Structures are given as structure tokens and as C-alpha cells.
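**Q** My structure is stored as upload-v4.tsv, with TSV, C-alpha atoms and all ligand atoms.
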chain	number	residue	atom	x	y	z
A	1	MET	CA	-21.84	10.85	-47.85
A	2	PRO	CA	-22.93	7.44	-46.49
A	3	ALA	CA	-20.85	4.42	-47.43
A	4	GLN	CA	-22.39	2.28	-50.15
A	5	VAL	CA	-22.63	-1.53	-50.00
A	6	LEU	CA	-23.28	-3.31	-53.29
A	7	ILE	CA	-25.27	-6.53	-52.82
A	8	LEU	CA	-24.88	-8.49	-56.02
A	9	TYR	CA	-26.82	-11.72	-56.44
A	10	HIS	CA	-28.01	-14.35	-58.86
A	11	SER	CA	-31.32	-16.07	-58.06
A	12	ARG	CA	-33.55	-18.31	-60.16
A	13	HIS	CA	-36.32	-19.13	-57.69
A	14	GLY	CA	-36.07	-16.22	-55.25
A	15	SER	CA	-34.19	-17.66	-52.23
A	16	VAL	CA	-30.91	-15.85	-52.83
A	17	GLN	CA	-32.82	-12.67	-53.70
A	18	LEU	CA	-34.53	-12.91	-50.32
A	19	LEU	CA	-31.17	-13.20	-48.56
A	20	ALA	CA	-29.89	-10.20	-50.53
A	21	GLU	CA	-32.89	-8.09	-49.56
A	22	LYS	CA	-32.52	-8.97	-45.88
A	23	ILE	CA	-28.79	-8.15	-45.94
A	24	ALA	CA	-29.73	-4.79	-47.50
A	25	ILE	CA	-32.00	-4.04	-44.53
A	26	GLY	CA	-29.07	-4.75	-42.19
A	27	VAL	CA	-26.82	-2.42	-44.22
A	28	GLN	CA	-29.41	0.38	-44.09
A	29	SER	CA	-30.02	-0.07	-40.37
A	30	ALA	CA	-26.31	0.66	-39.81
A	31	GLY	CA	-26.56	3.95	-41.73
A	32	ALA	CA	-25.06	2.89	-45.06
A	33	GLU	CA	-26.64	2.81	-48.50
A	34	ALA	CA	-27.53	-0.61	-49.95
A	35	LEU	CA	-27.43	-1.09	-53.71
A	36	LEU	CA	-29.21	-4.29	-54.80
A	37	ARG	CA	-28.11	-5.59	-58.17
A	38	THR	CA	-28.19	-8.84	-60.14
A	39	VAL	CA	-26.07	-10.41	-62.90
A	40	ALA	CA	-27.21	-10.97	-66.47
A	41	ALA	CA	-29.17	-14.13	-67.30
A	42	ILE	CA	-27.33	-16.42	-69.71
A	43	THR	CA	-29.59	-19.47	-69.76
A	44	PRO	CA	-32.34	-19.55	-72.42
A	45	ASN	CA	-35.30	-19.72	-69.99
A	46	PRO	CA	-34.64	-17.81	-66.78
A	47	VAL	CA	-37.61	-18.83	-64.59
A	48	HIS	CA	-37.46	-15.96	-62.18
A	49	SER	CA	-37.42	-12.27	-63.18
A	50	PRO	CA	-35.27	-10.57	-60.58
A	51	ALA	CA	-36.58	-7.37	-59.09
A	52	HIS	CA	-33.31	-5.49	-59.43
A	53	PRO	CA	-31.23	-4.15	-62.35
A	54	VAL	CA	-28.14	-5.83	-63.77
A	55	VAL	CA	-24.99	-4.42	-62.18
A	56	SER	CA	-22.62	-2.13	-64.09
A	57	LYS	CA	-18.84	-2.08	-63.73
A	58	ALA	CA	-19.03	1.54	-62.57
A	59	GLU	CA	-21.23	0.42	-59.66
A	60	LEU	CA	-18.74	-2.29	-58.76
A	61	ILE	CA	-15.89	0.25	-58.69
A	62	GLN	CA	-17.90	2.83	-56.80
A	63	ALA	CA	-19.08	0.53	-53.97
A	64	ASN	CA	-17.32	0.77	-50.61
A	65	ALA	CA	-18.10	-2.89	-49.86
A	66	ILE	CA	-19.46	-5.79	-51.88
A	67	ALA	CA	-21.49	-8.90	-51.00
A	68	ILE	CA	-22.12	-11.56	-53.62
A	69	GLY	CA	-24.71	-14.34	-53.48
A	70	SER	CA	-25.47	-17.30	-55.70
A	71	PRO	CA	-27.46	-20.52	-55.30
A	72	VAL	CA	-25.47	-23.72	-54.79
A	73	ARG	CA	-25.20	-25.47	-58.16
A	74	PHE	CA	-23.62	-28.90	-57.76
A	75	GLY	CA	-21.55	-27.49	-54.90
A	76	GLN	CA	-20.45	-24.34	-56.76
A	77	MET	CA	-21.66	-20.85	-57.70
A	78	SER	CA	-24.08	-20.57	-60.63
A	79	VAL	CA	-22.71	-20.21	-64.15
A	80	GLU	CA	-24.29	-16.73	-64.31
A	81	MET	CA	-22.25	-15.49	-61.33
A	82	LYS	CA	-19.09	-17.19	-62.62
A	83	TYR	CA	-19.62	-15.70	-66.08
A	84	PHE	CA	-19.96	-12.27	-64.52
A	85	TRP	CA	-16.59	-12.54	-62.74
A	86	GLU	CA	-14.89	-13.83	-65.88
A	87	GLN	CA	-15.74	-10.52	-67.51
A	88	THR	CA	-13.92	-8.46	-64.89
A	89	THR	CA	-10.33	-8.95	-66.10
A	90	ASP	CA	-10.09	-5.24	-66.95
A	91	LEU	CA	-10.94	-4.33	-63.34
A	92	TRP	CA	-8.39	-6.89	-62.10
A	93	LEU	CA	-5.68	-5.38	-64.35
A	94	GLN	CA	-6.49	-1.91	-62.98
A	95	GLY	CA	-6.59	-3.16	-59.36
A	96	ALA	CA	-9.95	-1.41	-59.16
A	97	LEU	CA	-11.38	-3.58	-56.38
A	98	ILE	CA	-8.30	-3.89	-54.14
A	99	ASP	CA	-8.96	-3.40	-50.39
A	100	LYS	CA	-12.75	-3.39	-50.64
A	101	PRO	CA	-14.44	-5.30	-47.80
A	102	ALA	CA	-16.44	-8.20	-49.25
A	103	GLY	CA	-18.58	-11.16	-48.24
A	104	VAL	CA	-20.58	-14.06	-49.68
A	105	PHE	CA	-23.99	-15.68	-49.18
A	106	THR	CA	-25.88	-18.62	-50.64
A	107	ALA	CA	-28.98	-20.86	-50.64
A	108	SER	CA	-29.27	-24.58	-51.29
A	109	SER	CA	-32.12	-27.05	-51.21
A	110	SER	CA	-30.41	-29.39	-48.74
A	111	MET	CA	-28.64	-28.65	-45.48
A	112	HIS	CA	-25.45	-30.49	-46.41
A	113	GLY	CA	-25.68	-29.90	-50.15
A	114	GLY	CA	-22.55	-27.78	-50.51
A	115	GLN	CA	-23.24	-24.40	-48.89
A	116	GLU	CA	-19.78	-24.09	-47.33
A	117	ALA	CA	-18.07	-25.33	-50.50
A	118	ASN	CA	-19.93	-22.73	-52.54
A	119	LEU	CA	-19.22	-19.93	-50.06
A	120	LEU	CA	-15.51	-20.74	-50.09
A	121	GLY	CA	-15.55	-20.97	-53.89
A	122	MET	CA	-17.24	-17.58	-54.25
A	123	MET	CA	-14.48	-16.06	-52.09
A	124	LEU	CA	-11.81	-16.97	-54.65
A	125	PRO	CA	-12.52	-14.35	-57.34
A	126	LEU	CA	-12.88	-11.77	-54.57
A	127	LEU	CA	-9.44	-12.68	-53.22
A	128	HIS	CA	-7.94	-12.54	-56.72
A	129	HIS	CA	-9.33	-9.01	-56.99
A	130	GLY	CA	-7.58	-8.11	-53.71
A	131	MET	CA	-10.70	-7.67	-51.61
A	132	VAL	CA	-10.75	-8.08	-47.83
A	133	LEU	CA	-13.09	-10.89	-46.80
A	134	LEU	CA	-15.60	-10.62	-43.97
A	135	GLY	CA	-17.30	-13.68	-42.51
A	136	GLN	CA	-19.89	-14.01	-39.79
A	137	PRO	CA	-18.48	-14.03	-36.23
A	138	TYR	CA	-19.85	-16.42	-33.57
A	139	ASP	CA	-20.81	-13.60	-31.22
A	140	ALA	CA	-24.23	-13.76	-32.93
A	141	PRO	CA	-26.27	-16.24	-30.80
A	142	ALA	CA	-28.28	-17.20	-33.92
A	143	LEU	CA	-25.15	-18.80	-35.37
A	144	HIS	CA	-25.10	-21.24	-32.45
A	145	GLN	CA	-28.86	-21.80	-32.42
A	146	THR	CA	-29.81	-22.14	-36.09
A	147	GLN	CA	-31.40	-25.38	-37.25
A	148	SER	CA	-31.32	-24.33	-40.93
A	149	GLY	CA	-28.98	-21.88	-42.70
A	150	GLY	CA	-26.25	-19.64	-41.29
A	151	THR	CA	-22.49	-20.25	-41.36
A	152	PRO	CA	-19.32	-18.50	-40.18
A	153	TYR	CA	-18.43	-17.98	-43.86
A	154	GLY	CA	-21.56	-15.97	-44.62
A	155	PRO	CA	-25.38	-16.04	-44.44
A	156	THR	CA	-27.24	-18.95	-46.02
A	157	HIS	CA	-30.75	-20.32	-46.46
A	158	VAL	CA	-31.90	-23.93	-46.73
A	159	SER	CA	-34.77	-23.67	-49.19
A	160	THR	CA	-36.53	-26.91	-48.24
A	161	HIS	CA	-37.10	-26.13	-44.58
A	162	ALA	CA	-40.76	-26.34	-43.52
A	163	GLY	CA	-41.80	-22.70	-44.07
A	164	SER	CA	-40.23	-22.42	-47.51
A	165	GLN	CA	-41.84	-25.64	-48.73
A	166	GLN	CA	-45.32	-24.43	-47.87
A	167	GLN	CA	-45.22	-20.77	-48.89
A	168	GLY	CA	-42.33	-20.31	-51.32
A	169	PRO	CA	-38.97	-18.84	-50.27
A	170	GLN	CA	-39.09	-17.79	-46.63
A	171	LEU	CA	-36.14	-17.27	-44.30
A	172	SER	CA	-36.15	-18.82	-40.83
A	173	ASN	CA	-35.85	-16.43	-37.92
A	174	HIS	CA	-32.19	-17.32	-37.35
A	175	GLU	CA	-31.33	-17.03	-41.07
A	176	SER	CA	-32.96	-13.61	-41.08
A	177	ILE	CA	-31.09	-12.37	-38.00
A	178	LEU	CA	-27.77	-13.54	-39.46
A	179	CYS	CA	-28.45	-11.64	-42.70
A	180	LEU	CA	-29.17	-8.48	-40.73
A	181	GLU	CA	-25.98	-8.88	-38.65
A	182	PHE	CA	-23.94	-9.54	-41.77
A	183	GLY	CA	-25.36	-6.43	-43.44
A	184	LYS	CA	-24.50	-4.31	-40.41
A	185	ARG	CA	-20.95	-5.69	-40.39
A	186	LEU	CA	-20.46	-4.92	-44.08
A	187	ALA	CA	-21.74	-1.38	-43.48
A	188	ARG	CA	-19.39	-0.84	-40.52
A	189	PHE	CA	-16.33	-1.94	-42.49
A	190	ALA	CA	-17.45	-0.02	-45.58
A	191	GLY	CA	-17.59	3.12	-43.44
A	192	LYS	CA	-14.22	2.47	-41.81
A	193	LEU	CA	-12.39	1.83	-45.06
A	194	GLN	CA	-14.29	4.46	-47.10
B	1	LIG	C1	-28.47	-27.11	-61.65
B	1	LIG	C2	-28.78	-27.05	-60.18
B	1	LIG	C3	-27.87	-27.59	-59.29
B	1	LIG	C4	-28.13	-27.58	-57.92
B	1	LIG	N1	-27.21	-28.10	-57.07
B	1	LIG	C5	-27.48	-28.14	-55.73
B	1	LIG	C6	-26.53	-28.70	-54.84
B	1	LIG	O1	-25.43	-29.11	-55.19
B	1	LIG	N2	-26.88	-28.78	-53.52
B	1	LIG	C7	-28.11	-28.34	-53.06
B	1	LIG	O2	-28.39	-28.48	-51.88
B	1	LIG	N3	-28.99	-27.74	-53.90
B	1	LIG	C8	-28.71	-27.64	-55.21
B	1	LIG	N4	-29.60	-27.03	-56.07
B	1	LIG	C9	-30.80	-26.38	-55.50
B	1	LIG	C10	-30.62	-24.86	-55.34
B	1	LIG	O3	-29.37	-24.54	-54.78
B	1	LIG	C11	-31.72	-24.32	-54.40
B	1	LIG	O4	-32.98	-24.61	-54.95
B	1	LIG	C12	-31.58	-22.83	-54.13
B	1	LIG	O5	-32.43	-22.49	-53.06
B	1	LIG	C13	-31.95	-22.00	-55.36
B	1	LIG	O6	-31.77	-20.63	-55.08
B	1	LIG	P1	-32.71	-19.54	-55.79
B	1	LIG	O7	-34.10	-19.78	-55.21
B	1	LIG	O8	-32.17	-18.22	-55.36
B	1	LIG	O9	-32.65	-19.78	-57.25
B	1	LIG	C14	-29.34	-27.02	-57.43
B	1	LIG	C15	-30.25	-26.48	-58.35
B	1	LIG	C16	-29.98	-26.50	-59.70
B	1	LIG	C17	-30.98	-25.89	-60.66
Now, as a test, write the supplied structure out as C-alpha cells.
**A**
Amino acid sequence: MPAQVLILYHSRHGSVQLLAEKIAIGVQSAGAEALLRTVAAITPNPVHSPAHPVVSKAELIQANAIAIGSPVRFGQMSVEMKYFWEQTTDLWLQGALIDKPAGVFTASSSMHGGQEANLLGMMLPLLHHGMVLLGQPYDAPALHQTQSGGTPYGPTHVSTHAGSQQQGPQLSNHESILCLEFGKRLARFAGKLQ
């Protein structure tokens, strides 16, 4: 049975969803199964209707690796993603997520608007759950060359770069490559630790 990588995201305007979908392609290209899921909306007027179902706890337990993505909100993860993790105390008590490989990804409207802070912040609940964190190694040339998103802590997108401003959310070539590489890495570790 192929290893399964759960890609769990929150996205209001589609940028983080786009990252999630590109990471999923990387996961699949490495022979693993990608499960795209979102978290429940808790604000009264969610602008964007995500294309994927809300995750279940069974899916979280079943996954061999997990990637989580949220937009930068004042330098932190969105309240929707935070709210989701605050409902996982039962899984924490059971140790249900211990030793799962995991990673993080994000989008922000400005280049220095808190991507790294948010990525590091999103790692914290994963560490509390005992997961094993994967970043993005510098052997990917795109990490040296990117003029927009892409960090050693995980894939990112800057949503106000030229292409995105004109045509809605659109990843740069380097952002895209880094998502694919990250997906492949998650799949490799998911398979190894399956
Ligand atoms: C309440 C709120 C806070 C935000 N805070 C930041 C921020 O601190 N830094 C930043 O660069 N962008 C910030 N943004 C912009 C979003 O991070 C950006 O538009 C992102 O691409 C949205 O992702 P999405 O398209 O997946 O919803 C904020 C947006 C909102 C609504």
C-alpha cells in the first residue's frame, strides 16, 4: 500500500490552496498518495469556498506524513488553523501523532511580512504532538535563486508578486519547484517511516 501524505490547509483567497495542490503533485510524483483536506471555517463570511473536504481525526491518525499550511495573519497562523489544533488534545493524550514526519507552508502578501515567523509558529503544535519536522534543504537550486517565496523552513508564496496581482493566485516558477521538491521529500520520509 502506498504511503499517504495528508496536506491540510486553510486558505481564504486561494494562495495557500494553490501551494497545497502543488505539494500534492510532488507527493504523487514520488509514488505516495496525497490527501488534500482543509479545516472548518469559523468566521461568519468565509470568502473562498475551498475545493477540498474538512479533515477528520481518523484521517489525521491514518496519514503517514502531514503538511499543514495557513496564510500569514499578523505574523501567525490563521485562527481557523489554530482552532483546529486546539481541538486535538485527545490525540495528544493518546500520542496518536508521535513520530509522523511533518512540514509547514504559508503565503503572505508581502515578502517580509512574517512568513518565517508563521512557519516556525506552525511547527510548535506539531512538535507538541511528537512529530518529526522536515524543512526544505538547500540542495534545491530554486531555494538559492527565488525572488519571491521559498524558505528552508517550508514552501511559501508571496501573493503580491507580479503574476498573482494580474491573474489571481499564481505561483512563481521557483515557488512551484520548491513545492514539488517538498512534496517528494514528505513522500520519501512517509514511505521510510511507514
Ligand atoms: C487578518 C489578516 C492578517 C494578515 N496579516 C498579514 C501579515 O502579517 N503579513 C503579510 O504579509 N500578509 C498578511 N495578510 C495577507 C495574507 O497573508 C495573504 O493575502 C495571503 O496570501 C492569503 O492567503 P490565502 O490566499 O490562502 O487566503 C493578512 C491578511 C489578513 C486577512
**Q** Region 7-23 of chain A: which residues within 9 Å, counting all atoms listed in the file, same-chain residues fewer than 5 positions away excluded, as a PDB file with C-alpha atoms, keeping the file's coordinate frame?
**A**
ATOM      1  CA  GLN A  28     -29.410   0.380 -44.090  1.00  0.00           C
ATOM      2  CA  ALA A  34     -27.530  -0.610 -49.950  1.00  0.00           C
ATOM      3  CA  LEU A  35     -27.430  -1.090 -53.710  1.00  0.00           C
ATOM      4  CA  LEU A  36     -29.210  -4.290 -54.800  1.00  0.00           C
ATOM      5  CA  ARG A  37     -28.110  -5.590 -58.170  1.00  0.00           C
ATOM      6  CA  THR A  38     -28.190  -8.840 -60.140  1.00  0.00           C
ATOM      7  CA  VAL A  39     -26.070 -10.410 -62.900  1.00  0.00           C
ATOM      8  CA  ALA A  40     -27.210 -10.970 -66.470  1.00  0.00           C
ATOM      9  CA  ALA A  41     -29.170 -14.130 -67.300  1.00  0.00           C
ATOM     10  CA  PRO A  46     -34.640 -17.810 -66.780  1.00  0.00           C
ATOM     11  CA  VAL A  47     -37.610 -18.830 -64.590  1.00  0.00           C
ATOM     12  CA  HIS A  48     -37.460 -15.960 -62.180  1.00  0.00           C
ATOM     13  CA  SER A  49     -37.420 -12.270 -63.180  1.00  0.00           C
ATOM     14  CA  PRO A  50     -35.270 -10.570 -60.580  1.00  0.00           C
ATOM     15  CA  ALA A  51     -36.580  -7.370 -59.090  1.00  0.00           C
ATOM     16  CA  VAL A  54     -28.140  -5.830 -63.770  1.00  0.00           C
ATOM     17  CA  VAL A  55     -24.990  -4.420 -62.180  1.00  0.00           C
ATOM     18  CA  ALA A  65     -18.100  -2.890 -49.860  1.00  0.00           C
ATOM     19  CA  ILE A  66     -19.460  -5.790 -51.880  1.00  0.00           C
ATOM     20  CA  ALA A  67     -21.490  -8.900 -51.000  1.00  0.00           C
ATOM     21  CA  ILE A  68     -22.120 -11.560 -53.620  1.00  0.00           C
ATOM     22  CA  GLY A  69     -24.710 -14.340 -53.480  1.00  0.00           C
ATOM     23  CA  SER A  70     -25.470 -17.300 -55.700  1.00  0.00           C
ATOM     24  CA  PRO A  71     -27.460 -20.520 -55.300  1.00  0.00           C
ATOM     25  CA  SER A  78     -24.080 -20.570 -60.630  1.00  0.00           C
ATOM     26  CA  GLU A  80     -24.290 -16.730 -64.310  1.00  0.00           C
ATOM     27  CA  MET A  81     -22.250 -15.490 -61.330  1.00  0.00           C
ATOM     28  CA  PHE A 105     -23.990 -15.680 -49.180  1.00  0.00           C
ATOM     29  CA  THR A 106     -25.880 -18.620 -50.640  1.00  0.00           C
ATOM     30  CA  ALA A 107     -28.980 -20.860 -50.640  1.00  0.00           C
ATOM     31  CA  SER A 108     -29.270 -24.580 -51.290  1.00  0.00           C
ATOM     32  CA  PRO A 155     -25.380 -16.040 -44.440  1.00  0.00           C
ATOM     33  CA  THR A 156     -27.240 -18.950 -46.020  1.00  0.00           C
ATOM     34  CA  HIS A 157     -30.750 -20.320 -46.460  1.00  0.00           C
ATOM     35  CA  VAL A 158     -31.900 -23.930 -46.730  1.00  0.00           C
ATOM     36  CA  SER A 159     -34.770 -23.670 -49.190  1.00  0.00           C
ATOM     37  CA  GLY A 168     -42.330 -20.310 -51.320  1.00  0.00           C
ATOM     38  CA  PRO A 169     -38.970 -18.840 -50.270  1.00  0.00           C
ATOM     39  CA  GLN A 170     -39.090 -17.790 -46.630  1.00  0.00           C
ATOM     40  CA  LEU A 171     -36.140 -17.270 -44.300  1.00  0.00           C
ATOM     41  CA  GLU A 175     -31.330 -17.030 -41.070  1.00  0.00           C
ATOM     42  CA  SER A 176     -32.960 -13.610 -41.080  1.00  0.00           C
ATOM     43  CA  ILE A 177     -31.090 -12.370 -38.000  1.00  0.00           C
ATOM     44  CA  LEU A 178     -27.770 -13.540 -39.460  1.00  0.00           C
ATOM     45  CA  CYS A 179     -28.450 -11.640 -42.700  1.00  0.00           C
ATOM     46  CA  LEU A 180     -29.170  -8.480 -40.730  1.00  0.00           C
ATOM     47  CA  GLU A 181     -25.980  -8.880 -38.650  1.00  0.00           C
ATOM     48  CA  PHE A 182     -23.940  -9.540 -41.770  1.00  0.00           C
ATOM     49  CA  GLY A 183     -25.360  -6.430 -43.440  1.00  0.00           C
ATOM     50  CA  LYS A 184     -24.500  -4.310 -40.410  1.00  0.00           C
TER      51      LYS A 184
END
**Q** Go ahead and compute the interatomic distance for atom C6 of ligand LIG 1 (chain B) and CA of His112 (chain A), in Å to one decimal.
**A**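 Atom C6 of ligand LIG 1 (chain B) sits 8.7 Å away from CA of His112 (chain A).
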**Q** One decimal, in Å: what's the spacing between CA of Met131 (chain A) and CA of Gly149 (chain A)?
**A**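 Here the two named atoms are 24.8 Å from each other.
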**Q** Taking into account only C-alpha atoms, which residue in the set A:Leu119, A:Val132, A:Ala190, A:Leu91 is nearest to Val104 (chain A)?
**A**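 Of A:Leu119, A:Val132, A:Ala190, A:Leu91, the one nearest Val104 (chain A) is A:Leu119, counting only C-alpha atoms.
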**Q** One decimal, in Å: what's the spacing between CA of Leu6 (chain A) and CA of Ala102 (chain A)?
**A**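 That distance, rounded to one decimal, is 9.3 Å.
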**Q** If we count only C-alpha atoms, what is near Asp139 (chain A) at a cut-off of 12 Å, once residues fewer than 2 positions away on the same chain are taken out, given as a PyMOL selection string?
**A** chain A and resi 135-137+141-145+152+178+181-182
**Q** Determine the nearest neighbour of ligand LIG 1 (chain B) from the options A:Gln4, A:Gln147, A:Gln76, A:Gln87, counting only C-alpha atoms and all ligand atoms.
**A**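 Distance minimum relative to ligand LIG 1 (chain B) lands on A:Gln76.
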**Q** May I ask which of the residues A:Arg73, A:Arg185, A:His52, A:His174 is the closest one to ligand LIG 1 (chain B), counting all atoms listed in the file?
**A** A:Arg73
**Q** Looking at only C-alpha atoms, which of A:Met122, A:Met77, A:Leu133, A:Ile61 is the one that sits closest to Asp90 (chain A)?
**A** A:Ile61
**Q** Taking only C-alpha atoms and all ligand atoms into account, name the residue in A:Gly26, A:Pro53, A:Gly31, A:Gly75 that is nearest to ligand LIG 1 (chain B).
**A**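 For ligand LIG 1 (chain B), the nearest of the given residues is A:Gly75.
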**Q** Taking only C-alpha atoms and all ligand atoms into account, which of A:Gln194, A:Thr146, A:Gln115, A:Thr43 comes nearest ligand LIG 1 (chain B)?
**A**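 Closest candidate: A:Gln115.
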**Q** With all atoms of ligand LIG 1 (chain B) from the file as input, state the centre and edge lengths in Å to one decimal of the axis-aligned box that has 3 Å extra on each side, as JSON.
**A**
{"center_x": -29.8, "center_y": -23.7, "center_z": -56.8, "size_x": 14.7, "size_y": 16.9, "size_z": 15.8}
**Q** Residues near His129 (chain A), anyone? I mean within 6 Å using all atoms listed in the file, not counting same-chain ones fewer than 3 positions away, as a short mmCIF file (atom, residue, chain, number, x, y, z; two decimals) with C-alpha atoms, in the coordinates of the input.
**A**
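Okay, selection_34.cif is ready:
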data_model
loop_
_atom_site.label_atom_id
_atom_site.label_comp_id
_atom_site.auth_asym_id
_atom_site.auth_seq_id
_atom_site.Cartn_x
_atom_site.Cartn_y
_atom_site.Cartn_z
CA TRP A 92 -8.39 -6.89 -62.10
CA LEU A 97 -11.38 -3.58 -56.38
CA ILE A 98 -8.30 -3.89 -54.14
CA LEU A 126 -12.88 -11.77 -54.57
#
